[in-house]
$ cat work_31.txt   # compact mmCIF, C-alpha atoms
# COMPACT_ATOMS: atom_id res chain seq x y z
CA MET D 218 15.85 18.27 6.93
CA ALA D 219 13.66 16.81 4.21
CA VAL D 220 14.59 17.19 0.58
CA CYS D 221 11.49 17.90 -1.53
CA CYS D 222 11.25 17.40 -5.29
CA PRO D 223 8.12 19.20 -6.52
CA LEU D 224 6.52 18.38 -9.84
CA VAL D 225 3.44 20.18 -11.17
CA LEU D 226 1.60 18.75 -14.15
CA SER D 227 0.04 21.25 -16.53
CA ALA D 228 -3.53 22.12 -15.59
CA GLN D 229 -5.79 21.52 -18.59
CA SER D 230 -9.31 20.25 -19.12
CA ASP D 231 -8.25 17.16 -21.09
CA PHE D 232 -7.75 14.69 -18.26
CA MET D 233 -6.90 11.20 -19.50
CA ALA D 234 -6.71 7.87 -17.71
CA GLY D 235 -5.92 4.26 -18.52
CA ALA D 236 -5.78 1.07 -16.46
CA ALA D 237 -4.41 -2.44 -16.92
CA LYS D 238 -3.75 -5.63 -14.96
CA ILE D 239 -1.15 -8.39 -15.28
CA ASN D 240 -0.73 -11.78 -13.63
CA ILE D 241 2.45 -11.94 -11.50
CA THR D 242 1.99 -15.42 -10.01
CA PRO D 243 5.36 -17.25 -9.96
CA ASP D 244 5.62 -19.99 -12.57
CA GLN D 245 8.21 -21.87 -10.49
CA PRO D 246 7.83 -22.77 -6.79
CA ILE D 247 9.70 -20.31 -4.54
CA ARG D 248 9.49 -19.43 -0.88
CA MET D 249 6.60 -17.44 0.51
CA SER D 250 6.93 -14.26 2.57
CA GLY D 251 5.16 -12.64 5.50
CA TYR D 252 6.10 -15.02 8.31
CA GLY D 253 9.38 -16.30 9.69
CA GLY D 254 10.46 -19.89 9.13
CA ARG D 255 9.06 -20.22 5.61
CA ASP D 256 12.01 -22.17 4.21
CA GLU D 257 10.19 -24.37 1.69
CA PRO D 258 8.73 -23.37 -1.70
CA PHE D 259 4.97 -22.87 -1.90
CA SER D 260 2.93 -26.04 -2.40
CA GLY D 261 0.38 -24.69 -4.85
CA ILE D 262 -1.61 -21.72 -6.12
CA HIS D 263 -5.02 -21.09 -4.57
CA ASP D 264 -5.63 -17.86 -6.47
CA SER D 265 -3.41 -15.83 -8.76
CA ILE D 266 -1.79 -12.55 -7.76
CA TYR D 267 -1.61 -9.43 -9.91
CA ALA D 268 -0.09 -6.04 -10.54
CA THR D 269 -2.56 -3.30 -11.46
CA ALA D 270 -1.53 -0.03 -13.10
CA LEU D 271 -3.29 3.31 -13.44
CA VAL D 272 -1.85 6.00 -15.70
CA LEU D 273 -3.15 9.57 -15.35
CA GLU D 274 -2.41 12.25 -17.90
CA ASN D 275 -3.01 15.97 -18.02
CA GLY D 276 -1.46 17.84 -20.92
CA THR D 277 1.95 16.45 -21.83
CA GLU D 278 2.83 14.97 -18.43
CA ARG D 279 1.84 11.65 -16.88
CA ILE D 280 1.64 9.90 -13.51
CA ALA D 281 1.68 6.13 -12.99
CA LEU D 282 0.37 4.24 -9.96
CA VAL D 283 1.04 0.50 -9.65
CA ALA D 284 -0.37 -1.75 -6.92
CA VAL D 285 1.20 -5.20 -6.56
CA ASP D 286 -0.11 -8.20 -4.56
CA VAL D 287 3.15 -8.86 -2.70
CA ILE D 288 4.61 -8.21 0.76
CA GLY D 289 6.76 -5.19 -0.15
CA PHE D 290 9.72 -3.87 -2.10
CA SER D 291 13.19 -2.64 -1.26
CA HIS D 292 14.11 0.89 -2.25
CA ASN D 293 16.54 -0.53 -4.83
CA PHE D 294 13.84 -2.68 -6.41
CA VAL D 295 11.57 0.35 -6.70
CA ASP D 296 14.30 2.55 -8.18
CA GLU D 297 15.34 -0.05 -10.75
CA THR D 298 11.72 -0.69 -11.75
CA ARG D 299 10.91 3.01 -12.05
CA GLN D 300 13.95 3.41 -14.30
CA LEU D 301 12.66 0.57 -16.51
CA ILE D 302 9.29 2.30 -16.75
CA PHE D 303 10.94 5.63 -17.59
CA THR D 304 13.01 4.03 -20.35
CA SER D 305 9.98 2.44 -21.99
CA THR D 306 7.33 5.14 -21.39
CA GLN D 307 9.19 8.36 -20.55
CA ILE D 308 7.14 8.62 -17.35
CA LYS D 309 9.63 10.18 -14.96
CA PRO D 310 10.62 8.13 -11.90
CA GLU D 311 9.42 10.85 -9.53
CA GLN D 312 5.98 10.59 -11.16
CA ILE D 313 5.62 6.87 -10.36
CA LEU D 314 4.20 5.27 -7.22
CA ILE D 315 4.87 1.53 -6.81
CA ILE D 316 2.69 0.20 -4.00
CA ALA D 317 2.72 -3.21 -2.32
CA ALA D 318 -0.53 -4.58 -0.90
CA HIS D 319 1.55 -6.11 1.92
CA ASN D 320 0.13 -9.52 1.08
CA HIS D 321 1.29 -12.23 3.50
CA GLY D 322 0.11 -15.00 1.18
CA GLY D 323 2.50 -14.20 -1.65
CA PRO D 324 6.07 -15.00 -2.71
CA VAL D 325 9.28 -13.58 -1.34
CA THR D 326 10.40 -10.28 -2.82
CA SER D 327 13.55 -8.20 -2.69
CA VAL D 328 12.44 -6.51 0.54
CA TYR D 329 14.30 -9.32 2.27
CA THR D 330 18.10 -9.37 2.44
CA ARG D 331 18.49 -13.12 2.99
CA GLU D 332 20.21 -15.10 0.24
CA SER D 333 17.91 -15.82 -2.70
CA THR D 334 17.66 -18.96 -4.80
CA GLU D 335 18.10 -18.95 -8.57
CA ASN D 336 14.32 -19.24 -9.07
CA GLU D 337 13.72 -16.34 -6.69
CA GLU D 338 16.20 -14.11 -8.48
CA ALA D 339 14.51 -14.98 -11.76
CA TYR D 340 11.15 -14.07 -10.24
CA TYR D 341 12.41 -10.66 -9.06
CA LYS D 342 13.72 -9.90 -12.54
CA GLY D 343 10.51 -11.04 -14.17
CA LEU D 344 8.42 -9.05 -11.70
CA LYS D 345 10.21 -5.84 -12.64
CA SER D 346 9.51 -6.57 -16.30
CA LYS D 347 5.83 -7.29 -15.63
CA ILE D 348 5.38 -4.08 -13.63
CA ASN D 349 6.95 -2.22 -16.53
CA LYS D 350 4.67 -3.97 -19.01
CA VAL D 351 1.46 -3.30 -17.07
CA VAL D 352 2.28 0.42 -17.03
CA GLN D 353 2.85 0.28 -20.79
CA ASP D 354 -0.49 -1.50 -21.21
CA ALA D 355 -2.29 1.12 -19.12
CA LEU D 356 -0.64 3.91 -21.11
CA LYS D 357 -1.94 2.41 -24.35
CA LYS D 358 -5.48 2.60 -22.98
CA VAL D 359 -5.52 6.26 -21.87
CA ALA D 360 -8.68 8.06 -22.90
CA PRO D 361 -10.61 11.17 -21.82
CA ALA D 362 -11.83 10.63 -18.28
CA LYS D 363 -13.41 12.01 -15.12
CA VAL D 364 -12.69 11.21 -11.49
CA GLY D 365 -14.43 11.25 -8.11
CA ALA D 366 -14.06 9.82 -4.62
CA GLY D 367 -16.16 8.49 -1.77
CA LYS D 368 -15.86 6.86 1.63
CA GLY D 369 -17.51 3.98 3.42
CA THR D 370 -16.91 1.80 6.47
CA CYS D 371 -15.90 -1.81 7.01
CA ARG D 372 -15.38 -2.99 10.59
CA MET D 373 -13.77 -6.31 9.74
CA ASN D 374 -10.42 -4.93 10.93
CA ILE D 375 -9.25 -4.57 14.54
CA ASN D 376 -6.32 -3.25 16.57
CA ARG D 377 -3.96 -6.15 17.24
CA ARG D 378 -1.91 -4.73 20.15
CA ALA D 379 -3.37 -6.84 22.95
CA HIS D 380 -2.06 -6.99 26.52
CA HIS D 381 -0.38 -10.25 27.45
CA ALA D 382 -0.40 -11.92 30.87
CA ASP D 383 3.34 -11.35 31.29
CA GLY D 384 2.84 -7.57 31.13
CA GLY D 385 3.92 -7.12 27.55
CA ILE D 386 1.92 -6.56 24.38
CA TRP D 387 1.38 -9.37 21.89
CA LEU D 388 -0.37 -9.79 18.55
CA GLY D 389 -3.99 -10.38 19.40
CA ARG D 390 -7.31 -8.50 19.25
CA ASN D 391 -7.87 -5.26 21.09
CA PRO D 392 -11.37 -3.86 20.45
CA ASP D 393 -10.55 -0.85 22.64
CA GLY D 394 -7.48 0.11 20.60
CA PRO D 395 -7.57 2.73 17.84
CA CYS D 396 -8.62 1.45 14.42
CA ASP D 397 -9.42 3.26 11.19
CA HIS D 398 -12.31 1.48 9.45
CA GLU D 399 -12.55 3.79 6.44
CA VAL D 400 -13.04 2.25 3.00
CA ALA D 401 -11.84 4.83 0.48
CA ILE D 402 -12.81 4.56 -3.18
CA ILE D 403 -11.70 6.55 -6.22
CA ARG D 404 -13.84 6.14 -9.33
CA ILE D 405 -12.64 6.89 -12.85
CA ASP D 406 -15.22 7.23 -15.63
CA ASP D 407 -15.11 8.01 -19.29
CA LEU D 408 -16.89 11.18 -20.43
CA GLU D 409 -20.16 9.25 -20.83
CA ASN D 410 -20.03 8.18 -17.15
CA ASN D 411 -19.08 4.60 -17.94
CA PRO D 412 -16.66 3.23 -15.32
CA MET D 413 -13.06 2.73 -16.42
CA ALA D 414 -11.25 1.83 -13.20
CA ALA D 415 -11.37 2.11 -9.42
CA PHE D 416 -8.95 2.51 -6.53
CA LEU D 417 -9.53 0.99 -3.06
CA ASN D 418 -7.77 1.84 0.19
CA TRP D 419 -8.55 0.08 3.51
CA PRO D 420 -6.33 0.07 6.63
CA CYS D 421 -5.71 -3.61 7.30
CA HIS D 422 -2.86 -6.10 7.19
CA ALA D 423 -3.32 -8.74 4.48
CA THR D 424 -2.92 -11.49 7.07
CA VAL D 425 -6.08 -13.55 6.86
CA SER D 426 -3.67 -16.08 5.36
CA GLY D 427 -1.43 -17.33 8.15
CA PRO D 428 1.94 -19.10 8.46
CA ASP D 429 0.32 -22.53 8.07
CA ASN D 430 -0.91 -21.70 4.58
CA THR D 431 1.47 -22.95 1.89
CA GLN D 432 -0.49 -21.84 -1.18
CA ILE D 433 -0.16 -18.56 -3.07
CA THR D 434 -3.12 -16.23 -2.51
CA GLY D 435 -3.87 -12.54 -2.85
CA ASP D 436 -5.43 -12.57 0.65
CA TRP D 437 -8.23 -10.01 1.23
CA PRO D 438 -6.97 -7.48 -1.39
CA GLY D 439 -7.19 -10.16 -4.07
CA ALA D 440 -10.61 -11.36 -2.87
CA ALA D 441 -11.91 -7.78 -2.68
CA ALA D 442 -10.72 -7.05 -6.22
CA ARG D 443 -12.39 -10.21 -7.56
CA TYR D 444 -15.69 -9.39 -5.86
CA PHE D 445 -15.61 -5.79 -7.01
CA THR D 446 -14.86 -6.64 -10.63
CA GLN D 447 -17.50 -9.36 -10.73
CA ASN D 448 -20.14 -6.91 -9.51
CA THR D 449 -19.12 -3.78 -11.44
CA ASN D 450 -17.20 -5.14 -14.44
CA THR D 451 -14.52 -2.62 -13.45
CA LEU D 452 -10.83 -3.08 -12.74
CA LEU D 453 -9.91 -2.41 -9.09
CA MET D 454 -6.56 -1.38 -7.63
CA ALA D 455 -6.45 -2.46 -3.95
CA THR D 456 -4.07 -0.83 -1.44
CA ALA D 457 -3.52 -0.91 2.32
CA GLY D 458 -3.95 2.14 4.53
CA ALA D 459 -2.14 2.86 7.80
CA SER D 460 -2.35 -0.58 9.40
CA ALA D 461 0.90 -1.46 11.14
CA ASP D 462 -1.13 -2.36 14.24
CA ILE D 463 -4.32 -3.47 12.46
CA ASN D 464 -5.27 -7.03 11.48
CA PRO D 465 -8.39 -8.54 9.91
CA ILE D 466 -10.85 -9.99 12.40
CA TYR D 467 -10.42 -13.42 10.77
CA GLY D 468 -7.03 -15.16 10.75
CA PRO D 469 -4.15 -15.58 10.51
CA ASN D 470 -5.05 -19.10 9.40
CA SER D 471 -5.24 -21.40 6.39
CA LYS D 472 -9.01 -21.05 5.85
CA PHE D 473 -9.60 -19.64 2.39
CA ASN D 474 -13.27 -19.10 3.19
CA ASP D 475 -12.15 -16.50 5.73
CA ILE D 476 -10.12 -14.72 3.05
CA GLU D 477 -13.16 -14.68 0.76
CA ALA D 478 -15.41 -13.44 3.56
CA ILE D 479 -13.19 -10.47 4.41
CA GLY D 480 -12.69 -9.67 0.74
CA GLN D 481 -16.41 -9.85 0.00
CA LEU D 482 -17.34 -7.58 2.91
CA VAL D 483 -14.74 -4.98 1.92
CA GLY D 484 -15.79 -5.42 -1.71
CA GLN D 485 -19.48 -4.97 -0.93
CA GLU D 486 -18.84 -1.67 0.79
CA ALA D 487 -16.56 -0.60 -2.04
CA VAL D 488 -19.30 -1.34 -4.58
CA ASN D 489 -21.89 0.57 -2.56
CA VAL D 490 -19.64 3.62 -2.34
CA PHE D 491 -18.51 3.34 -5.97
CA ASN D 492 -22.08 3.32 -7.28
CA ASN D 493 -22.83 6.66 -5.61
CA ILE D 494 -19.72 8.62 -6.62
CA GLN D 495 -20.17 11.56 -8.95
CA THR D 496 -17.18 12.16 -11.23
CA GLU D 497 -15.81 15.32 -12.84
CA ILE D 498 -12.82 16.42 -14.88
CA PRO D 499 -10.05 17.37 -12.42
CA ALA D 500 -8.61 20.83 -12.91
CA GLU D 501 -5.12 19.86 -11.83
CA ILE D 502 -2.75 16.99 -11.23
CA LYS D 503 0.18 17.47 -8.93
CA MET D 504 2.94 15.32 -7.44
CA GLU D 505 5.23 16.10 -4.49
CA GLN D 506 8.00 13.90 -3.12
CA ALA D 507 10.09 14.17 0.04
CA ILE D 508 12.82 12.20 1.80
CA LEU D 509 12.74 12.10 5.61
CA PRO D 510 16.00 11.06 7.30
CA ALA D 511 14.82 9.26 10.46
CA LYS D 512 17.03 8.14 13.32
CA GLY D 513 17.72 4.43 12.97
CA LYS D 514 17.10 1.74 15.59
CA LYS D 515 18.29 -1.86 15.84
CA ARG D 516 15.75 -4.63 16.20
CA GLY D 517 15.04 -5.32 19.85
CA GLU D 518 14.68 -8.65 21.63
CA SER D 519 11.81 -7.91 24.01
CA ARG D 520 8.16 -6.93 23.68
CA MET D 521 8.06 -5.65 27.24
CA PRO D 522 7.43 -1.97 28.12
CA ASN D 523 10.17 0.64 28.47
CA VAL D 524 13.02 -1.38 26.98
CA SER D 525 16.30 0.25 26.02
CA LEU D 526 16.65 1.21 22.36
CA GLU D 527 19.92 0.81 20.47
CA SER D 528 20.82 3.15 17.63
CA ASP D 529 21.41 1.95 14.09
CA GLU D 530 21.87 3.40 10.61
CA ASP D 531 19.40 6.17 9.77
CA GLN D 532 16.38 5.33 7.62
CA MET D 533 15.52 7.35 4.51
CA ILE D 534 11.72 7.36 4.55
CA ARG D 535 10.01 8.25 1.28
CA LEU D 536 6.89 10.40 1.46
CA SER D 537 4.70 11.13 -1.55
CA GLY D 538 1.75 13.39 -2.26
CA CYS D 539 -0.34 12.81 -5.38
CA LYS D 540 -3.19 15.24 -6.01
CA ILE D 541 -5.90 14.42 -8.53
CA GLY D 542 -8.30 17.35 -8.53
CA SER D 543 -9.68 17.45 -4.97
CA ILE D 544 -8.34 13.98 -4.12
CA LEU D 545 -5.03 13.56 -2.32
CA LEU D 546 -3.02 10.35 -1.94
CA ALA D 547 -0.41 10.40 0.85
CA GLY D 548 2.13 7.64 0.24
CA ILE D 549 4.75 6.38 2.68
CA SER D 550 7.48 3.75 2.39
CA GLY D 551 6.67 1.79 5.50
CA GLU D 552 4.09 0.25 7.83
CA LEU D 553 2.39 3.17 9.52
CA MET D 554 0.44 2.80 12.76
CA THR D 555 -3.23 3.59 12.35
CA GLU D 556 -3.21 6.61 14.71
CA ILE D 557 -0.55 8.30 12.60
CA GLY D 558 -2.55 7.66 9.45
CA MET D 559 -5.66 9.19 10.99
CA GLN D 560 -3.63 12.23 12.06
CA ILE D 561 -2.32 12.65 8.51
CA LYS D 562 -5.89 12.69 7.20
CA GLU D 563 -6.98 15.18 9.86
CA SER D 564 -4.10 17.52 9.05
CA SER D 565 -4.93 17.60 5.33
CA PRO D 566 -6.96 20.49 3.87
CA TYR D 567 -8.52 17.98 1.45
CA LYS D 568 -11.57 16.01 2.54
CA ASN D 569 -10.67 13.07 0.35
CA THR D 570 -7.17 12.34 1.65
CA PHE D 571 -6.15 8.68 1.64
CA VAL D 572 -2.99 7.21 3.19
CA ILE D 573 -1.13 4.56 1.17
CA THR D 574 1.48 2.47 2.95
CA HIS D 575 4.29 0.32 1.46
CA CYS D 576 4.63 2.97 -1.24
CA ASN D 577 7.93 3.24 -3.18
CA GLY D 578 9.96 1.11 -0.78
CA SER D 579 10.09 -0.35 2.69
CA ASN D 580 11.31 1.19 5.95
CA GLY D 581 9.51 -1.25 8.22
CA TYR D 582 7.21 -0.36 11.11
CA LEU D 583 6.67 3.35 11.80
CA CYS D 584 5.31 3.71 15.32
CA THR D 585 3.83 6.26 17.69
CA ASP D 586 6.08 7.38 20.52
CA SER D 587 3.69 5.85 23.05
CA ALA D 588 4.10 2.41 21.43
CA TYR D 589 7.81 2.33 22.32
CA LYS D 590 6.91 2.86 25.99
CA GLU D 591 4.16 0.26 25.90
CA GLY D 592 6.26 -2.37 24.12
CA GLY D 593 5.00 -4.93 21.65
CA TYR D 594 6.02 -6.44 18.34
CA GLU D 595 5.83 -3.31 16.18
CA PRO D 596 8.24 -1.13 18.21
CA MET D 597 10.48 -4.12 18.88
CA VAL D 598 11.17 -4.67 15.17
CA SER D 599 10.87 -1.02 14.09
CA LYS D 600 13.93 0.39 12.34
CA THR D 601 13.34 3.94 13.59
CA MET D 602 13.50 5.75 16.91
CA PRO D 603 10.78 7.66 18.79
CA GLY D 604 10.14 11.04 17.21
CA THR D 605 9.63 9.57 13.75
CA ALA D 606 5.85 9.96 13.85
CA ASP D 607 6.03 13.69 14.59
CA ALA D 608 8.57 14.15 11.80
CA ILE D 609 6.32 12.31 9.35
CA LEU D 610 3.34 14.49 10.26
CA LEU D 611 5.42 17.65 9.88
CA ILE D 612 6.67 16.73 6.41
CA PHE D 613 3.20 15.75 5.23
CA ARG D 614 1.84 19.11 6.42
CA GLN D 615 4.56 20.79 4.37
CA LEU D 616 3.69 18.66 1.35
CA PHE D 617 -0.02 19.47 1.72
CA GLN D 618 0.77 23.18 1.63
CA LYS D 619 2.35 22.68 -1.78
CA MET D 620 -0.57 20.70 -3.20
$ encode --input "work_31.txt" --output "structure tokens"
Amino acid sequence: MAVCCPLVLSAQSDFMAGAAKINITPDQPIRMSGYGGRDEPFSGIHDSIYATALVLENGTERIALVAVDVIGFSHNFVDETRQLIFTSTQIKPEQILIIAAHNHGGPVTSVYTRESTENEEAYYKGLKSKINKVVQDALKKVAPAKVGAGKGTCRMNINRRAHHADGGIWLGRNPDGPCDHEVAIIRIDDLENNPMAAFLNWPCHATVSGPDNTQITGDWPGAAARYFTQNTNTLLMATAGASADINPIYGPNSKFNDIEAIGQLVGQEAVNVFNNIQTEIPAEIKMEQAILPAKGKKRGESRMPNVSLESDEDQMIRLSGCKIGSILLAGISGELMTEIGMQIKESSPYKNTFVITHCNGSNGYLCTDSAYKEGGYEPMVSKTMPGTADAILLIFRQLFQKM
């Protein structure tokens, strides 16, 4: 039974918004995340990584969204950081979404339970402080604003669940598999229609950068943000959609030109959509939160079909709904398979519904029931049992009814 914590922000005409960005690149070499066996500190910095904050205000209440160019966050990291933000800004923890871009070219974060070095612990502490600061910076910039949304398409992503010769499913390229190619853009303007900030959501792993790369990079989200800002002079917050089984067409490798190519193509579509969005003052802002207790599963040892599943401690999956006028953000604390994300969008009464993964914590891969029967990497390492997808859809439908 899910426990919902509704919060309704006062509906007034004076919608306010502010955005800010902060560099979160480690200043000391630490290990990188995203692939197993990364035991050595990074060798250099190819491009810096950032945290981007967006503060929305309507009346006396506020919402904060923060997107961070890292692999993910533990629930504890999120809770501690939200408390820091509350202490400094009085934005309530349940009004804050902390989102990881799931960047595989970044440093380790607290999502991992392995023993950390002194430099890594210092980075975690500093990262919390920087996320807090970027929200403060965004809050200082709030001004009267308008908002709108649009959609485009980028087909540089592909289903990665490919059949292997041994009968199992491996990480490859499957052009016949389901794949959501939607590029979602939210535009925020001032009252004179000058752009203030933008939000991007595209369903794709940030894995152009592969295990052989030893330099810090923001992968495609970082490249897309650079391209977008260079061509619009507007700050962009980049997030990943439902992409547990979706990879970029290029990579994983150590070719930075491939990262730039994917980022530019996503960025080009984002710019095209952004330039045609009409904005308006939203009548209402609303936030809903829910906790879904999902049956836990131990990590398996085989990618073959129809393997036995062993129970483990239940997972507390965090689901979020953030409504901005006629725009709805559906956040989830895990890696959601693309089919489930598309079903969430279809079940929403709002045309502009966008699914944000790695939101407010990490519960690992969240798979369709059919994936467990088929086998493959995602169900093998998933922390939840079959039935989780249906439960997620049910809770989101309940959240949508409250929005």
$ atom_distance --input "work_31.txt" --atom1 "CA of Lys350 in chain D" --atom2 "CA of Gln307 in chain D"
13.2 Å
$ atom_distance --input "work_31.txt" --atom1 "CA of Val285 in chain D" --atom2 "CA of Ile266 in chain D"
8.0 Å
$ closest_residue --input "work_31.txt" --among "D:Ala317, D:Ala281, D:Leu611, D:Leu453" --to "Phe416 in chain D" --atoms "all atoms listed in the file"
D:Leu453
$ atom_distance --input "work_31.txt" --atom1 "CA of Gln432 in chain D" --atom2 "CA of Gly253 in chain D"
15.7 Å
$ closest_atom_pairs --input "work_31.txt" --of "range 293-386 of chain D" --to "range 583-591 of chain D" --cutoff "10 Å" --atoms "all atoms listed in the file" --output "CSV"
residue,atom,partner,partner_atom,distance
D:Arg378,CA,D:Ala588,CA,9.4
D:His380,CA,D:Glu591,CA,9.6
D:Gly384,CA,D:Glu591,CA,9.5
D:Gly385,CA,D:Glu591,CA,7.6
D:Ile386,CA,D:Glu591,CA,7.3
$ write_last_selection --input "work_31.txt" --atoms "C-alpha atoms" --output "short mmCIF file (atom, residue, chain, number, x, y, z; two decimals), in the frame of the given file"
data_model
loop_
_atom_site.label_atom_id
_atom_site.label_comp_id
_atom_site.auth_asym_id
_atom_site.auth_seq_id
_atom_site.Cartn_x
_atom_site.Cartn_y
_atom_site.Cartn_z
CA ARG D 378 -1.91 -4.73 20.15
CA HIS D 380 -2.06 -6.99 26.52
CA GLY D 384 2.84 -7.57 31.13
CA GLY D 385 3.92 -7.12 27.55
CA ILE D 386 1.92 -6.56 24.38
#
$ build_atoms --input "work_31.txt" --residues "range 465-478 of chain D" --atoms "N, CA and C atoms" --output "short mmCIF file (atom, residue, chain, number, x, y, z; two decimals), keeping the file's coordinate frame"
data_model
loop_
_atom_site.label_atom_id
_atom_site.label_comp_id
_atom_site.auth_asym_id
_atom_site.auth_seq_id
_atom_site.Cartn_x
_atom_site.Cartn_y
_atom_site.Cartn_z
N PRO D 465 -7.00 -8.14 10.16
CA PRO D 465 -8.39 -8.54 9.91
C PRO D 465 -8.93 -9.31 11.10
N ILE D 466 -10.23 -9.27 11.28
CA ILE D 466 -10.85 -9.99 12.40
C ILE D 466 -10.66 -11.50 12.24
N TYR D 467 -10.67 -12.01 11.02
CA TYR D 467 -10.42 -13.42 10.77
C TYR D 467 -8.93 -13.65 10.50
N GLY D 468 -8.42 -14.81 10.99
CA GLY D 468 -7.03 -15.16 10.75
C GLY D 468 -6.10 -14.63 11.83
N PRO D 469 -4.78 -14.85 11.62
CA PRO D 469 -4.15 -15.58 10.51
C PRO D 469 -4.41 -17.09 10.60
N ASN D 470 -4.79 -17.68 9.45
CA ASN D 470 -5.05 -19.10 9.40
C ASN D 470 -4.91 -19.61 7.96
N SER D 471 -5.32 -20.83 7.73
CA SER D 471 -5.24 -21.40 6.39
C SER D 471 -6.63 -21.64 5.81
N LYS D 472 -7.62 -20.88 6.29
CA LYS D 472 -9.01 -21.05 5.85
C LYS D 472 -9.30 -20.05 4.72
N PHE D 473 -9.38 -20.53 3.51
CA PHE D 473 -9.60 -19.64 2.39
C PHE D 473 -11.00 -19.04 2.39
N ASN D 474 -11.95 -19.70 3.05
CA ASN D 474 -13.27 -19.10 3.19
C ASN D 474 -13.22 -17.80 3.99
N ASP D 475 -12.30 -17.73 4.95
CA ASP D 475 -12.15 -16.50 5.73
C ASP D 475 -11.59 -15.38 4.86
N ILE D 476 -10.65 -15.72 3.98
CA ILE D 476 -10.12 -14.72 3.05
C ILE D 476 -11.24 -14.19 2.17
N GLU D 477 -12.06 -15.09 1.63
CA GLU D 477 -13.16 -14.68 0.76
C GLU D 477 -14.17 -13.83 1.52
N ALA D 478 -14.43 -14.19 2.77
CA ALA D 478 -15.41 -13.44 3.56
C ALA D 478 -14.95 -12.00 3.79
#
